[in-house]
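Read through the structure below, which is laid out as structure tokens, and then see the notes.
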Amino acid sequence: MSSPSHVADTLITDRAQLVEYIASGEKPIGEWRIGTEHEKFGFRLDDLRPPTFDGDRGIEALLKGLVPFGWEPIEEKGRVIALTRDGASVTLEPAGQLELSGAALETIHQTCTEVGTHLHEVKQVADALQLGFLGMGFQPKWTREEMPWMPKGRYQIMKSYMPKVGSLGLDMMTRTCTVQVNLDYASEADMIKKFRVSLALQPIATALFADSPFTEGKPNGYQSYRSHIWTDTDGDRTGMLDFVFEDGFGYERYVDYLLDVPMYFSYRDGIYHDASGQSFRDFLQGRLPVLPGALPTLRDWSDHMTTAFPEVRMKKFLEMRGADGGPWNRLCALPAFWVGLLYDDAALDAAWDLVKDFSLEERHALRDGVPKHALKLPFRGGTVRDIAAQAVRIAVAGLRRRARFNGRGVDESGFLDALVEIVESNQTPAERKLELFHGAWKGDVDQVFREFAY
């Protein structure tokens with residue numbers, strides 16, 4: 001989840017400014033970039049418990065340990081709660097899940113190097129603190145009550161609000177991890193096509209990356225329990241956004257959607273003002289109950305945009321939000337998948353041909369069925385695996401046409417090998433772990449921390 005934005009405190013005097021803010025994200029093709037984000041669970045090596053924020057082995061100690069690598073600390077009320085370096089940041093999720101929000105980079109080679117460098121730095125500091133890190137979609141062992149809370153103001157507001165609007169919101173905050181990629185668009189028409197393709201294919205990404213089959217030490221009946229959790233978190237700010245596929249969709253329609261998403265807060269003068277459940281439309285009229293008479297700024301708008309959690313989210317770029325966290329190679333595969341599909345015209349056309357006749361009912365059936373069944377979910381006389389295989393082939397071809405080479409003359413398509421293997425084996429990461437759980441692990445979920453830690 002995002003930290004307070006660094007957008008200027010420009011007063012909003014006209015709704016058109018909200019539309020213009022999103023439209024200002026348009027970039028010519030030569031300036032398109034790739035921003036990869038991933039979260040991971042920390043655990044203490046001796047008892048596998050998640051580290052608290054405080055203490056010699058806490059998350060703050062880890063953050064401070066990363067500073068010598070050139071990271072600049074960010075404080076909230078005197079506590080280090082984030083780091084920045086060269087356009088990237090390290091931030092904390094509510095229960096201390098560590099997130100790398102990568103810089104805007106040109107190639108998958110660069111973003112994968114960035115991920116590898118980050119994991120190497122974290123491991124050096126974590127080893128000294130006797131901590132480990134695990135990439136999965138859902139915390140496999142500990143209960144919600146056993147998860148710590150980080151001292152960030154927005155999380156306290158969300159912690160109080162979440163139980164009012166869904167039964168699984170606190171699990172989303174404390175027990176999930178994801179990997180996502182942020183991608184650019186050239187124009188409103190380009191945004192619309194990319195939004196529609198990526199939204200329709202988001203359940204396919206969920207299936208390919210499904211890796212959250214355990215809850216509190218036992219199989220939970222799902223392959224992506226993380227994805228299921230979003231179905232009962234907060235219906236006002238999650239979901240498949242059916243209006244994206246309607247005639248007339250564009251920047252203005254997305255602004256209308258965001259204006260109807262209830263607020264969480266307004267961050268001013270270093271203080272999170274609790275506006276949970278209140279209306280940004282009222283804020284535009286100076287009628288926000290928590291800040292009577294105050295008008296919003298573009299920073300308020302930027303912050304508000306981060307409090308909507310649909311399967312694909314638009315800020316000044318598009319965020320692909322459907323994948324479970326995972327190991328290093330899948331952290332590279334996720335941006336490769338979407339860049340291959342969306343950053344090559346022929347691939348984007350092929351991807352649109354793949355999904356353009358999906359009905360609303362079919363899109364929802366995919367979204368609702370994939371968390372449990374993943375690649376084996378029946379679809380149009382076949383299974384989701386069939387759609388996944390086509391999508392991966394399109395992405396591979398798109399990356400090859402992009403022809404972005406590393407120093408050894410290798411293009412980006414090899415980063416999709418992990419997904420090719422999943423499709424060919426018809427076995428998701430979740431199914432692999434379940435096989436181990438029922439076999440070699442003899443029902444002991446603790447083994448996942450030992451065998452799959454970074």
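Following the order of the structure tokens, first chain is A, next is B, and so on, with residues numbered from 1 inside each chain and ligands from 1 in the order they appear.
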For range 271-348 of chain A versus range 422-436 of chain A, which residues have an atom no more than 12 Å away, and what is each residue's nearest atom pair and distance in Å rounded to one decimal, using only C-alpha atoms, chain-then-number order, as CSV?
residue,atom,partner,partner_atom,distance
A:Ala323,CA,A:Pro429,CA,11.8
A:Asp324,CA,A:Pro429,CA,9.9
A:Gly325,CA,A:Pro429,CA,10.6
A:Gly326,CA,A:Pro429,CA,8.6
A:Pro327,CA,A:Pro429,CA,10.0
A:Arg330,CA,A:Pro429,CA,10.2
A:Ala333,CA,A:Ile422,CA,11.6
Long-range neighbours of range 226-237 of chain A as a ChimeraX atom specification, 9 Å cut-off, only C-alpha atoms, 2 positions minimum in chain: /A:137-138,162-172,175-178,206,210-213,222-224,239,258,260-262,307-310,322-324,367-368,370-372
Selected residues, N, CA and C atoms, written as a CSV table (one decimal), in the first residue's frame, please.
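What follows is the written file part20.csv:
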chain,number,residue,atom,x,y,z
A,137,GLY,N,1.4,-15.8,-1.6
A,137,GLY,CA,0.2,-14.9,-1.7
A,137,GLY,C,-0.5,-14.7,-0.3
A,138,PHE,N,-0.3,-15.7,0.6
A,138,PHE,CA,-1.0,-15.6,1.9
A,138,PHE,C,-0.1,-16.2,2.9
A,162,MET,N,-12.2,-1.4,8.1
A,162,MET,CA,-12.4,-2.6,7.3
A,162,MET,C,-13.5,-3.5,7.8
A,163,PRO,N,-13.5,-3.8,9.1
A,163,PRO,CA,-14.6,-4.7,9.5
A,163,PRO,C,-16.0,-4.2,9.3
A,164,LYS,N,-16.2,-3.0,9.0
A,164,LYS,CA,-17.5,-2.4,8.7
A,164,LYS,C,-18.0,-2.7,7.3
A,165,VAL,N,-17.1,-3.1,6.4
A,165,VAL,CA,-17.5,-3.2,5.0
A,165,VAL,C,-17.2,-4.6,4.5
A,166,GLY,N,-16.6,-5.5,5.2
A,166,GLY,CA,-16.3,-6.9,4.7
A,166,GLY,C,-15.7,-7.7,5.9
A,167,SER,N,-15.7,-9.0,5.7
A,167,SER,CA,-15.2,-9.9,6.7
A,167,SER,C,-13.7,-10.2,6.6
A,168,LEU,N,-13.1,-10.0,5.4
A,168,LEU,CA,-11.7,-10.4,5.2
A,168,LEU,C,-10.7,-9.3,5.0
A,169,GLY,N,-11.2,-8.0,5.2
A,169,GLY,CA,-10.3,-6.9,4.9
A,169,GLY,C,-9.1,-6.9,5.8
A,170,LEU,N,-9.2,-7.3,7.1
A,170,LEU,CA,-8.0,-7.3,7.9
A,170,LEU,C,-7.1,-8.4,7.5
A,171,ASP,N,-7.6,-9.5,6.9
A,171,ASP,CA,-6.7,-10.5,6.4
A,171,ASP,C,-6.0,-10.0,5.2
A,172,MET,N,-6.7,-9.2,4.3
A,172,MET,CA,-6.0,-8.6,3.2
A,172,MET,C,-4.8,-7.8,3.7
A,175,ARG,N,-2.2,-10.4,6.0
A,175,ARG,CA,-1.8,-11.8,5.7
A,175,ARG,C,-1.6,-12.0,4.2
A,176,THR,N,-1.6,-11.0,3.3
A,176,THR,CA,-1.4,-11.2,1.9
A,176,THR,C,-0.2,-10.5,1.4
A,177,CYS,N,0.3,-11.0,0.3
A,177,CYS,CA,1.4,-10.5,-0.5
A,177,CYS,C,1.2,-10.6,-2.0
A,178,THR,N,1.6,-9.6,-2.7
A,178,THR,CA,1.3,-9.7,-4.2
A,178,THR,C,2.6,-9.2,-4.9
A,206,THR,N,-3.9,-14.5,-12.3
A,206,THR,CA,-4.2,-15.0,-11.0
A,206,THR,C,-4.0,-16.6,-11.0
A,210,ALA,N,-1.0,-18.5,-8.9
A,210,ALA,CA,-1.7,-18.9,-7.7
A,210,ALA,C,-0.7,-19.6,-6.8
A,211,ASP,N,-0.6,-19.1,-5.6
A,211,ASP,CA,0.4,-19.6,-4.6
A,211,ASP,C,0.0,-19.2,-3.2
A,212,SER,N,-1.2,-19.5,-2.8
A,212,SER,CA,-1.7,-19.3,-1.4
A,212,SER,C,-2.7,-20.3,-1.0
A,213,PRO,N,-2.2,-21.6,-0.9
A,213,PRO,CA,-3.1,-22.7,-0.6
A,213,PRO,C,-3.3,-23.0,0.9
A,222,TYR,N,-8.3,-23.4,-1.5
A,222,TYR,CA,-8.1,-22.5,-2.6
A,222,TYR,C,-6.6,-22.6,-3.1
A,223,GLN,N,-6.4,-22.2,-4.4
A,223,GLN,CA,-5.1,-22.1,-4.9
A,223,GLN,C,-4.5,-20.7,-4.7
A,224,SER,N,-5.5,-19.7,-4.9
A,224,SER,CA,-5.1,-18.3,-4.6
A,224,SER,C,-6.1,-17.8,-3.6
A,239,GLY,N,-13.0,-5.3,-7.3
A,239,GLY,CA,-13.8,-5.9,-8.3
A,239,GLY,C,-13.3,-5.7,-9.8
A,258,LEU,N,-13.9,6.8,-9.1
A,258,LEU,CA,-13.1,7.1,-7.9
A,258,LEU,C,-13.9,8.1,-7.0
A,260,ASP,N,-16.9,8.0,-6.4
A,260,ASP,CA,-17.9,7.2,-5.6
A,260,ASP,C,-17.2,6.3,-4.6
A,261,VAL,N,-15.9,6.1,-4.7
A,261,VAL,CA,-15.2,5.3,-3.7
A,261,VAL,C,-15.1,6.0,-2.4
A,262,PRO,N,-15.6,5.5,-1.3
A,262,PRO,CA,-15.5,6.2,0.0
A,262,PRO,C,-14.1,6.5,0.4
A,307,THR,N,-6.5,4.3,-2.7
A,307,THR,CA,-7.4,3.6,-1.8
A,307,THR,C,-8.5,2.8,-2.5
A,308,ALA,N,-8.5,2.8,-3.9
A,308,ALA,CA,-9.3,1.9,-4.7
A,308,ALA,C,-8.5,0.7,-5.0
A,309,PHE,N,-9.1,-0.5,-4.9
A,309,PHE,CA,-8.4,-1.7,-5.1
A,309,PHE,C,-9.0,-2.7,-6.1
A,310,PRO,N,-9.3,-2.2,-7.3
A,310,PRO,CA,-9.8,-3.1,-8.3
A,310,PRO,C,-8.7,-4.0,-8.9
A,322,GLY,N,-3.4,-8.7,-10.1
A,322,GLY,CA,-4.0,-10.0,-9.9
A,322,GLY,C,-3.2,-11.1,-9.4
A,323,ALA,N,-1.9,-10.9,-9.1
A,323,ALA,CA,-1.0,-12.1,-8.9
A,323,ALA,C,-0.5,-12.2,-7.4
A,324,ASP,N,-0.4,-13.5,-7.0
A,324,ASP,CA,0.2,-13.8,-5.7
A,324,ASP,C,1.7,-13.5,-5.7
A,367,ARG,N,-13.3,-14.7,-12.8
A,367,ARG,CA,-12.8,-14.0,-11.5
A,367,ARG,C,-13.2,-14.8,-10.3
A,368,ASP,N,-14.4,-15.3,-10.3
A,368,ASP,CA,-14.9,-16.0,-9.1
A,368,ASP,C,-14.4,-17.5,-9.0
A,370,VAL,N,-11.4,-18.8,-10.5
A,370,VAL,CA,-10.0,-19.0,-10.6
A,370,VAL,C,-9.3,-19.2,-9.2
A,371,PRO,N,-9.8,-18.4,-8.1
A,371,PRO,CA,-9.1,-18.6,-6.8
A,371,PRO,C,-9.1,-20.0,-6.3
A,372,LYS,N,-10.1,-20.7,-6.6
A,372,LYS,CA,-10.2,-22.1,-6.1
A,372,LYS,C,-9.6,-23.1,-7.1
Shortest interatomic distance to Arg363 in chain A - which of A:Arg253, A:Arg15, A:Arg33, A:Arg196, counting only C-alpha atoms: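 Between A:Arg253, A:Arg15, A:Arg33, A:Arg196, the residue approaching Arg363 in chain A most closely is A:Arg196.
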Pick from A:Thr13, A:Leu105, A:Phe133, A:Val7, whichever lies nearest to Glu451 in chain A using only C-alpha atoms: A:Phe133
Computed interatomic separation between CA of Gly153 in chain A and CA of Tyr272 in chain A (Å): 5.8 Å
Interatomic distance (Å, one decimal) between CA of Glu121 in chain A and CA of Trp71 in chain A: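 Taking CA of Glu121 in chain A as the start and CA of Trp71 in chain A as the end point, the length is 10.8 Å.
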Among the residues A:Trp32, A:Trp142, A:Tyr161, A:Tyr343, the one that comes closest to Pro50 in chain A [using only C-alpha atoms]: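 Nearest to Pro50 in chain A: A:Trp142.
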Counting only C-alpha atoms, the residue of A:Leu284, A:Val290, A:Ala336, A:Ala388 that sits nearest Ile12 in chain A: A:Leu284
Those in range 142-300 of chain A with strand (DSSP E or B) from DSSP, as a VMD selection string: chain A and resid 176 178 to 183 212 214 to 215 218 to 219 224 238 to 239 265 to 268 271 to 274 297
Near-Ala103 in chain A list (9 Å; only C-alpha atoms; drop same-chain fewer than 3 positions) as a PyMOL selection string: chain A and resi 34-36+85-89+111+114
DSSP helix (DSSP H, G or I) residues within range 145-264 of chain A, as JSON, numbers by chain: {"A": [145, 146, 153, 154, 155, 156, 157, 158, 159, 160, 161, 162, 163, 164, 169, 170, 171, 172, 173, 174, 175, 188, 189, 190, 191, 192, 193, 194, 195, 196, 197, 198, 199, 200, 201, 202, 203, 204, 205, 206, 207, 208, 225, 226, 227, 228, 229, 230, 231, 232, 242, 243, 244, 245, 251, 252, 253, 254, 255, 256, 257, 258, 259, 260]}
Residue among A:Arg321, A:Arg393, A:Arg49, A:Lys315 lying closest to Asp184 in chain A, counting only C-alpha atoms: A:Lys315
